[in-house]
file upload_20.txt (compact mmCIF, C-alpha atoms)
# COMPACT_ATOMS: atom_id res chain seq x y z
CA MET A 26 18.89 -4.20 53.31
CA ASN A 27 18.12 -4.19 49.61
CA ILE A 28 14.34 -3.98 49.36
CA LEU A 29 12.29 -4.56 46.21
CA ILE A 30 9.06 -2.58 45.93
CA THR A 31 6.62 -3.80 43.26
CA GLY A 32 3.67 -1.76 42.00
CA CYS A 33 5.50 1.48 42.80
CA GLU A 34 3.22 3.53 40.50
CA GLY A 35 0.08 2.54 42.41
CA GLN A 36 -1.53 4.21 45.41
CA LEU A 37 0.38 2.28 48.06
CA GLY A 38 3.63 2.10 46.10
CA ASN A 39 3.69 5.87 45.66
CA GLU A 40 3.15 6.42 49.38
CA ILE A 41 5.94 3.98 50.25
CA ARG A 42 8.28 5.86 47.91
CA LEU A 43 7.55 9.09 49.78
CA LEU A 44 8.67 7.46 53.05
CA GLN A 45 11.93 6.02 51.78
CA SER A 46 14.02 9.10 52.58
CA GLN A 47 13.26 8.39 56.26
CA HIS A 48 14.85 4.94 55.93
CA GLU A 49 18.22 5.73 54.37
CA LYS A 50 19.96 2.65 55.79
CA HIS A 51 18.04 0.58 53.21
CA VAL A 52 18.39 0.58 49.42
CA PHE A 53 15.01 0.54 47.67
CA PHE A 54 14.43 -0.82 44.18
CA ASN A 55 11.13 0.73 43.07
CA THR A 56 9.59 -1.18 40.18
CA ASP A 57 6.40 -1.30 38.20
CA VAL A 58 5.64 -3.35 35.11
CA ALA A 59 8.02 -1.26 32.95
CA GLU A 60 10.97 -2.21 35.17
CA LEU A 61 9.92 -5.73 36.18
CA ASP A 62 7.12 -7.96 34.93
CA ILE A 63 6.35 -9.92 38.08
CA THR A 64 4.20 -12.38 36.10
CA ASP A 65 7.43 -13.59 34.42
CA GLN A 66 9.03 -16.04 36.83
CA GLN A 67 12.47 -16.01 35.21
CA ALA A 68 12.51 -12.20 35.16
CA VAL A 69 11.64 -12.13 38.86
CA GLU A 70 14.37 -14.61 39.78
CA ARG A 71 16.93 -12.76 37.67
CA TYR A 72 16.04 -9.35 39.19
CA VAL A 73 16.10 -10.60 42.78
CA ASP A 74 19.47 -12.29 42.29
CA GLU A 75 21.16 -9.51 40.28
CA HIS A 76 20.18 -6.82 42.80
CA GLU A 77 20.85 -9.05 45.84
CA ILE A 78 17.37 -8.39 47.23
CA ASP A 79 16.86 -9.09 50.95
CA GLY A 80 13.14 -8.35 51.17
CA VAL A 81 10.14 -7.71 48.94
CA VAL A 82 7.10 -5.48 49.49
CA ASN A 83 4.52 -6.53 46.92
CA CYS A 84 2.14 -3.63 46.32
CA ALA A 85 1.21 -4.78 42.81
CA ALA A 86 -2.29 -6.11 42.25
CA TYR A 87 -5.07 -6.45 39.71
CA THR A 88 -7.71 -4.39 41.53
CA ALA A 89 -10.37 -3.86 38.84
CA VAL A 90 -12.92 -5.92 40.77
CA ASP A 91 -15.67 -5.93 38.13
CA ARG A 92 -13.37 -6.35 35.14
CA ALA A 93 -11.72 -9.34 36.82
CA GLU A 94 -14.95 -11.31 36.35
CA SER A 95 -14.29 -11.38 32.59
CA ASP A 96 -10.49 -11.14 32.73
CA LYS A 97 -9.68 -14.05 35.01
CA GLU A 98 -6.45 -14.99 33.25
CA ARG A 99 -4.83 -11.59 33.79
CA ALA A 100 -6.17 -11.28 37.36
CA THR A 101 -4.75 -14.71 38.14
CA ALA A 102 -1.36 -13.84 36.66
CA ILE A 103 -0.97 -10.70 38.77
CA ASN A 104 -2.81 -11.68 41.96
CA THR A 105 -1.92 -15.38 42.23
CA LEU A 106 1.14 -16.29 40.17
CA ALA A 107 3.19 -13.12 40.74
CA PRO A 108 3.26 -13.30 44.57
CA THR A 109 4.14 -16.98 44.28
CA PHE A 110 7.07 -16.15 41.97
CA LEU A 111 8.25 -13.36 44.29
CA ALA A 112 8.01 -15.66 47.31
CA ALA A 113 9.99 -18.44 45.69
CA ALA A 114 12.68 -16.06 44.45
CA ILE A 115 13.21 -14.34 47.80
CA GLU A 116 13.09 -17.63 49.73
CA ARG A 117 16.14 -18.80 47.77
CA ARG A 118 18.02 -15.85 49.23
CA GLY A 119 16.72 -16.40 52.77
CA GLY A 120 14.76 -13.15 52.59
CA TRP A 121 11.27 -11.99 53.51
CA LEU A 122 8.08 -10.96 51.73
CA ILE A 123 5.37 -8.50 52.72
CA HIS A 124 2.36 -9.13 50.50
CA VAL A 125 -0.70 -6.87 50.46
CA SER A 126 -4.08 -8.60 50.23
CA THR A 127 -7.74 -7.66 50.60
CA ASP A 128 -10.98 -7.88 52.57
CA TYR A 129 -12.49 -9.53 49.46
CA VAL A 130 -11.12 -12.88 50.68
CA PHE A 131 -14.28 -12.84 52.85
CA ASP A 132 -17.88 -12.90 51.61
CA GLY A 133 -19.02 -10.20 54.05
CA THR A 134 -21.79 -12.21 55.74
CA LYS A 135 -20.28 -12.09 59.24
CA HIS A 136 -21.82 -9.58 61.65
CA LEU A 137 -18.63 -8.93 63.63
CA PRO A 138 -15.23 -7.67 62.45
CA TYR A 139 -13.21 -10.33 60.67
CA VAL A 140 -10.17 -11.70 62.50
CA GLU A 141 -7.22 -13.36 60.81
CA THR A 142 -8.33 -16.86 61.87
CA ASP A 143 -11.75 -16.57 60.19
CA THR A 144 -12.11 -18.95 57.26
CA PRO A 145 -11.84 -17.07 53.94
CA CYS A 146 -14.72 -17.49 51.51
CA PRO A 147 -14.31 -15.15 48.52
CA GLU A 148 -17.29 -14.51 46.26
CA GLY A 149 -15.71 -13.41 42.98
CA VAL A 150 -12.64 -13.68 40.79
CA TYR A 151 -10.79 -10.80 42.46
CA GLY A 152 -11.12 -12.22 45.97
CA SER A 153 -10.40 -15.76 44.81
CA THR A 154 -7.22 -14.80 42.97
CA LYS A 155 -6.02 -12.70 45.91
CA LEU A 156 -6.63 -15.57 48.35
CA ALA A 157 -4.74 -17.96 46.09
CA GLY A 158 -1.91 -15.42 46.05
CA GLU A 159 -1.83 -15.48 49.85
CA PHE A 160 -1.53 -19.27 49.79
CA GLY A 161 1.24 -19.16 47.18
CA ALA A 162 3.21 -16.50 49.04
CA THR A 163 3.11 -18.30 52.39
CA LYS A 164 3.79 -21.70 50.81
CA PHE A 165 6.96 -20.64 49.01
CA CYS A 166 8.45 -18.14 51.50
CA LYS A 167 8.68 -19.01 55.18
CA ARG A 168 9.12 -15.36 56.21
CA THR A 169 5.94 -14.01 54.65
CA VAL A 170 3.70 -11.30 56.12
CA ILE A 171 0.23 -11.01 54.57
CA VAL A 172 -1.43 -7.63 55.18
CA ARG A 173 -5.12 -7.56 54.26
CA THR A 174 -6.58 -4.10 53.78
CA ALA A 175 -9.76 -2.50 52.44
CA TRP A 176 -11.25 0.61 50.81
CA LEU A 177 -7.84 2.07 49.92
CA TYR A 178 -7.57 5.72 48.83
CA SER A 179 -4.85 8.33 48.36
CA PRO A 180 -4.04 11.48 46.35
CA PHE A 181 -2.74 9.17 43.61
CA GLY A 182 -4.61 7.47 40.76
CA ASN A 183 -8.28 6.61 40.60
CA ASN A 184 -10.00 5.91 43.90
CA PHE A 185 -13.28 6.53 45.70
CA VAL A 186 -12.25 9.78 47.40
CA ARG A 187 -11.01 11.45 44.22
CA THR A 188 -14.03 10.20 42.27
CA MET A 189 -16.57 11.44 44.82
CA MET A 190 -14.85 14.83 44.98
CA ARG A 191 -15.00 15.14 41.20
CA LEU A 192 -18.60 13.92 40.90
CA GLY A 193 -19.67 16.12 43.81
CA ARG A 194 -18.53 19.17 41.87
CA GLU A 195 -20.00 17.98 38.57
CA ARG A 196 -23.43 16.74 39.65
CA GLU A 197 -26.39 17.94 41.65
CA GLN A 198 -27.19 14.49 43.02
CA LEU A 199 -25.37 11.23 43.76
CA ASN A 200 -26.82 7.86 44.79
CA VAL A 201 -24.45 5.85 47.01
CA VAL A 202 -24.99 2.45 48.65
CA PHE A 203 -25.55 2.50 52.41
CA ASP A 204 -25.76 -1.26 53.08
CA GLN A 205 -22.09 -2.12 52.49
CA ILE A 206 -20.10 -1.54 55.68
CA GLY A 207 -16.34 -1.34 56.07
CA THR A 208 -13.46 0.98 56.90
CA PRO A 209 -11.64 3.38 54.55
CA THR A 210 -7.85 3.05 54.52
CA TYR A 211 -5.54 5.97 53.80
CA ALA A 212 -2.68 4.53 51.75
CA ALA A 213 -0.17 6.77 53.53
CA ASP A 214 -1.13 5.17 56.87
CA LEU A 215 -0.81 1.66 55.42
CA ALA A 216 2.57 2.58 53.92
CA GLY A 217 3.72 3.78 57.34
CA ALA A 218 2.56 0.54 58.92
CA ILE A 219 4.45 -1.52 56.34
CA MET A 220 7.63 0.46 56.93
CA SER A 221 7.18 -0.11 60.67
CA ILE A 222 7.02 -3.85 60.01
CA VAL A 223 10.23 -3.62 57.96
CA GLU A 224 12.02 -1.81 60.81
CA HIS A 225 10.60 -4.06 63.51
CA GLY A 226 11.49 -7.21 61.59
CA VAL A 227 8.93 -9.44 59.95
CA VAL A 228 6.87 -11.75 62.14
CA PRO A 229 5.37 -14.18 59.62
CA GLY A 230 1.60 -14.51 59.50
CA VAL A 231 -1.61 -12.93 58.31
CA TYR A 232 -2.57 -9.45 59.58
CA HIS A 233 -5.44 -7.02 59.04
CA TYR A 234 -4.90 -3.29 58.56
CA THR A 235 -7.37 -0.49 57.89
CA ASN A 236 -7.93 2.80 59.63
CA GLU A 237 -10.02 2.74 62.81
CA GLY A 238 -13.79 3.14 62.79
CA VAL A 239 -16.64 1.90 60.63
CA CYS A 240 -18.88 3.45 57.96
CA SER A 241 -20.89 2.78 54.83
CA TRP A 242 -20.00 4.06 51.36
CA TYR A 243 -22.83 6.57 51.83
CA ASP A 244 -21.36 7.83 55.14
CA PHE A 245 -17.91 7.95 53.54
CA THR A 246 -19.21 10.09 50.67
CA LYS A 247 -20.99 12.49 53.04
CA SER A 248 -17.74 12.98 54.97
CA ILE A 249 -15.73 13.47 51.78
CA HIS A 250 -18.05 16.25 50.62
CA ARG A 251 -18.21 17.89 54.05
CA ILE A 252 -14.42 17.94 54.48
CA ALA A 253 -13.85 19.04 50.86
CA GLY A 254 -16.40 21.85 51.21
CA ILE A 255 -18.68 20.48 48.49
CA THR A 256 -22.17 21.80 49.18
CA GLY A 257 -23.96 21.75 45.82
CA CYS A 258 -24.51 17.99 45.56
CA THR A 259 -27.22 16.00 47.33
CA VAL A 260 -26.06 12.51 48.34
CA LEU A 261 -28.84 9.91 48.66
CA PRO A 262 -28.54 6.43 50.22
CA ILE A 263 -29.49 3.45 48.05
CA HIS A 264 -29.49 -0.34 48.44
CA THR A 265 -26.81 -2.48 46.81
CA SER A 266 -29.60 -4.11 44.80
CA GLU A 267 -30.27 -0.73 43.16
CA TYR A 268 -26.67 -0.55 41.89
CA PRO A 269 -25.92 -3.94 40.30
CA THR A 270 -22.30 -4.74 39.40
CA PRO A 271 -20.64 -7.76 37.74
CA ALA A 272 -18.81 -8.64 40.98
CA THR A 273 -20.48 -9.13 44.37
CA ARG A 274 -19.22 -6.80 47.09
CA PRO A 275 -18.90 -7.89 50.74
CA ALA A 276 -21.80 -6.40 52.70
CA MET A 277 -19.79 -6.28 55.93
CA SER A 278 -16.00 -6.24 55.60
CA VAL A 279 -14.78 -4.60 58.80
CA LEU A 280 -11.36 -6.02 59.71
CA ASP A 281 -10.19 -6.51 63.30
CA LYS A 282 -6.73 -4.95 63.70
CA THR A 283 -5.82 -6.16 67.20
CA LYS A 284 -3.12 -8.57 65.98
CA ILE A 285 -1.13 -6.09 63.88
CA LYS A 286 -1.38 -3.36 66.55
CA THR A 287 -0.13 -5.72 69.25
CA THR A 288 2.61 -7.43 67.24
CA PHE A 289 4.17 -4.30 65.76
CA ALA A 290 3.17 -1.69 68.41
CA LEU A 291 1.14 0.32 65.90
CA THR A 292 -1.20 3.21 66.64
CA ILE A 293 -3.83 3.55 63.92
CA PRO A 294 -5.72 6.81 63.24
CA HIS A 295 -9.50 7.05 62.79
CA TRP A 296 -10.57 7.09 59.14
CA GLU A 297 -12.03 10.61 59.28
CA GLU A 298 -8.82 12.02 60.78
CA SER A 299 -6.84 10.54 57.88
CA LEU A 300 -9.42 11.60 55.30
CA VAL A 301 -8.84 15.23 56.31
CA LYS A 302 -5.11 14.84 55.65
CA CYS A 303 -5.67 13.23 52.26
CA ILE A 304 -8.13 15.84 51.03
CA GLU A 305 -5.72 18.60 52.09
CA ARG A 306 -3.05 16.94 49.95
CA ILE A 307 -5.42 16.56 46.99
CA ASN A 308 -6.42 20.24 47.20
CA ASN A 309 -2.76 21.28 47.34
CA GLN A 310 -1.80 19.33 44.22
call {"tool": "encode", "arguments": {"input": "upload_20.txt", "output": "structure tokens"}}
result
Amino acid sequence: MNILITGCEGQLGNEIRLLQSQHEKHVFFNTDVAELDITDQQAVERYVDEHEIDGVVNCAAYTAVDRAESDKERATAINTLAPTFLAAAIERRGGWLIHVSTDYVFDGTKHLPYVETDTPCPEGVYGSTKLAGEFGATKFCKRTVIVRTAWLYSPFGNNFVRTMMRLGREREQLNVVFDQIGTPTYAADLAGAIMSIVEHGVVPGVYHYTNEGVCSWYDFTKSIHRIAGITGCTVLPIHTSEYPTPATRPAMSVLDKTKIKTTFALTIPHWEESLVKCIERINNQ
């Protein structure tokens, strides 16, 4: 198959590129905005047709959650319009789309893990534009897989793990919220899951994927410092109300992964197990 990867310079896109040598029967077209502006519908249609694309993995997203509150037009273009354009273009060729979405489609008020049939209720611009992107993707491409994830990190780019490692070495004290609960997701694990879906064959629908386990941002930070051997920084728990941000964060965004594990026969590692692997990679860079 000819497979288009969008957002190849991001955390997930970079991890997918690293796996491509294990899937040599496919031809991958790795693109970011320099190669393909996915907010340009005609450019998308032209690229998909010229390269005879059979499937699309859309890793591109506007993920600056706070900035999205004042930059709705750009967030909408990337998170809502682009997946719709990709879906329509690949549908014309009878192909499939794997589109990556987010836990922010929920408001985080549920006290049990979210399942795929729970009614979305996003709080801010980021979550709203991502949810609209889900609707657009599934409306215009019959063979669409939506994969919602959360708390993504990797050795690439700016993310919570790299930031907490840097701040832990720079500062004597950090205040981190303890009343937002979720599950960290190692981008390499998510990339592996996506490639498993490609090899299995898409089964259209909405799926949830994070690593196993549950923690707060405070717990996550404590583990990052322990695994990275950072001992000179005191980490203190604070309430969300003590760290106001333009966008509201879900207080409880644990995602139930039963459906994706059952459908695609996936085994998912615990978040701490994967965190060890990521920090080893970061330290070896």
call {"tool": "residues_around", "arguments": {"input": "upload_20.txt", "residues": "Ser241 of chain A", "least_positions_apart": "5", "cutoff": "8 Å", "atoms": "only C-alpha atoms", "output": "compact mmCIF listing (two decimals) with C-alpha atoms, keeping the file's coordinate frame"}}
result
# COMPACT_ATOMS: atom_id res chain seq x y z
CA VAL A 202 -24.99 2.45 48.65
CA PHE A 203 -25.55 2.50 52.41
CA ASP A 204 -25.76 -1.26 53.08
CA GLN A 205 -22.09 -2.12 52.49
CA ILE A 206 -20.10 -1.54 55.68
CA GLY A 207 -16.34 -1.34 56.07
CA THR A 208 -13.46 0.98 56.90
call {"tool": "closest_residue", "arguments": {"input": "upload_20.txt", "among": "A:Ser179, A:Thr270, A:Thr127, A:Thr144", "to": "Gln36 of chain A", "atoms": "only C-alpha atoms"}}
result
A:Ser179
call {"tool": "atom_distance", "arguments": {"input": "upload_20.txt", "atom1": "atom CA of Lys282 of chain A", "atom2": "atom CA of Val81 of chain A"}}
result
22.6 Å
call {"tool": "atom_distance", "arguments": {"input": "upload_20.txt", "atom1": "atom CA of Gly152 of chain A", "atom2": "atom CA of Ser95 of chain A"}}
result
13.8 Å
call {"tool": "residues_around", "arguments": {"input": "upload_20.txt", "residues": "Pro180 of chain A", "least_positions_apart": "3", "cutoff": "10 Å", "atoms": "all atoms listed in the file", "output": "list in words"}}
result
Gln36, Asn39, Glu40, Asn183, Asn184, Val186, Arg187, Tyr211, Ala212, Ala213, Lys302, Cys303, Ile304, Glu305, Arg306, Ile307, Asn308, Asn309 and Gln310 of chain A
call {"tool": "build_atoms", "arguments": {"input": "upload_20.txt", "residues": "segment 73-102 of chain A", "atoms": "N, CA and C atoms", "output": "short mmCIF file (atom, residue, chain, number, x, y, z; two decimals), keeping the file's coordinate frame"}}
result
data_model
loop_
_atom_site.label_atom_id
_atom_site.label_comp_id
_atom_site.auth_asym_id
_atom_site.auth_seq_id
_atom_site.Cartn_x
_atom_site.Cartn_y
_atom_site.Cartn_z
N VAL A 73 15.82 -10.42 41.35
CA VAL A 73 16.10 -10.60 42.78
C VAL A 73 17.56 -11.00 43.00
N ASP A 74 18.09 -11.86 42.14
CA ASP A 74 19.47 -12.29 42.29
C ASP A 74 20.46 -11.19 41.91
N GLU A 75 20.22 -10.53 40.76
CA GLU A 75 21.16 -9.51 40.28
C GLU A 75 21.27 -8.33 41.24
N HIS A 76 20.17 -7.98 41.90
CA HIS A 76 20.18 -6.82 42.80
C HIS A 76 20.35 -7.24 44.27
N GLU A 77 20.60 -8.53 44.48
CA GLU A 77 20.85 -9.05 45.84
C GLU A 77 19.77 -8.59 46.82
N ILE A 78 18.51 -8.84 46.43
CA ILE A 78 17.37 -8.39 47.23
C ILE A 78 17.25 -9.19 48.52
N ASP A 79 17.04 -8.47 49.63
CA ASP A 79 16.86 -9.09 50.95
C ASP A 79 15.39 -9.21 51.35
N GLY A 80 14.56 -8.33 50.82
CA GLY A 80 13.14 -8.35 51.17
C GLY A 80 12.31 -7.74 50.06
N VAL A 81 11.06 -8.18 49.97
CA VAL A 81 10.14 -7.71 48.94
C VAL A 81 8.87 -7.17 49.59
N VAL A 82 8.42 -5.99 49.13
CA VAL A 82 7.10 -5.48 49.49
C VAL A 82 6.28 -5.48 48.21
N ASN A 83 5.30 -6.38 48.14
CA ASN A 83 4.52 -6.53 46.92
C ASN A 83 3.24 -5.70 47.00
N CYS A 84 3.30 -4.53 46.37
CA CYS A 84 2.14 -3.63 46.32
C CYS A 84 1.35 -3.80 45.02
N ALA A 85 1.86 -4.62 44.11
CA ALA A 85 1.21 -4.78 42.81
C ALA A 85 -0.02 -5.67 42.94
N ALA A 86 -1.08 -5.31 42.23
CA ALA A 86 -2.29 -6.11 42.25
C ALA A 86 -3.19 -5.75 41.08
N TYR A 87 -3.99 -6.70 40.66
CA TYR A 87 -5.07 -6.45 39.71
C TYR A 87 -6.29 -6.12 40.55
N THR A 88 -6.67 -4.84 40.59
CA THR A 88 -7.71 -4.39 41.53
C THR A 88 -9.02 -3.98 40.86
N ALA A 89 -9.12 -4.17 39.54
CA ALA A 89 -10.37 -3.86 38.84
C ALA A 89 -11.36 -4.98 39.13
N VAL A 90 -12.09 -4.84 40.23
CA VAL A 90 -12.92 -5.92 40.77
C VAL A 90 -13.94 -6.43 39.75
N ASP A 91 -14.65 -5.51 39.09
CA ASP A 91 -15.67 -5.93 38.13
C ASP A 91 -15.05 -6.50 36.86
N ARG A 92 -14.00 -5.88 36.36
CA ARG A 92 -13.37 -6.35 35.14
C ARG A 92 -12.76 -7.74 35.33
N ALA A 93 -12.33 -8.04 36.55
CA ALA A 93 -11.72 -9.34 36.82
C ALA A 93 -12.67 -10.49 36.51
N GLU A 94 -13.97 -10.24 36.61
CA GLU A 94 -14.95 -11.31 36.35
C GLU A 94 -14.84 -11.82 34.91
N SER A 95 -14.43 -10.97 33.99
CA SER A 95 -14.29 -11.38 32.59
C SER A 95 -12.83 -11.41 32.14
N ASP A 96 -11.91 -11.18 33.05
CA ASP A 96 -10.49 -11.14 32.73
C ASP A 96 -9.72 -11.98 33.74
N LYS A 97 -10.21 -13.20 33.95
CA LYS A 97 -9.68 -14.05 35.01
C LYS A 97 -8.22 -14.40 34.79
N GLU A 98 -7.82 -14.59 33.54
CA GLU A 98 -6.45 -14.99 33.25
C GLU A 98 -5.44 -13.93 33.71
N ARG A 99 -5.73 -12.67 33.39
CA ARG A 99 -4.83 -11.59 33.79
C ARG A 99 -4.86 -11.38 35.31
N ALA A 100 -6.05 -11.43 35.91
CA ALA A 100 -6.17 -11.28 37.36
C ALA A 100 -5.40 -12.39 38.08
N THR A 101 -5.47 -13.59 37.54
CA THR A 101 -4.75 -14.71 38.14
C THR A 101 -3.24 -14.52 38.02
N ALA A 102 -2.79 -14.04 36.87
CA ALA A 102 -1.36 -13.84 36.66
C ALA A 102 -0.78 -12.86 37.68
#
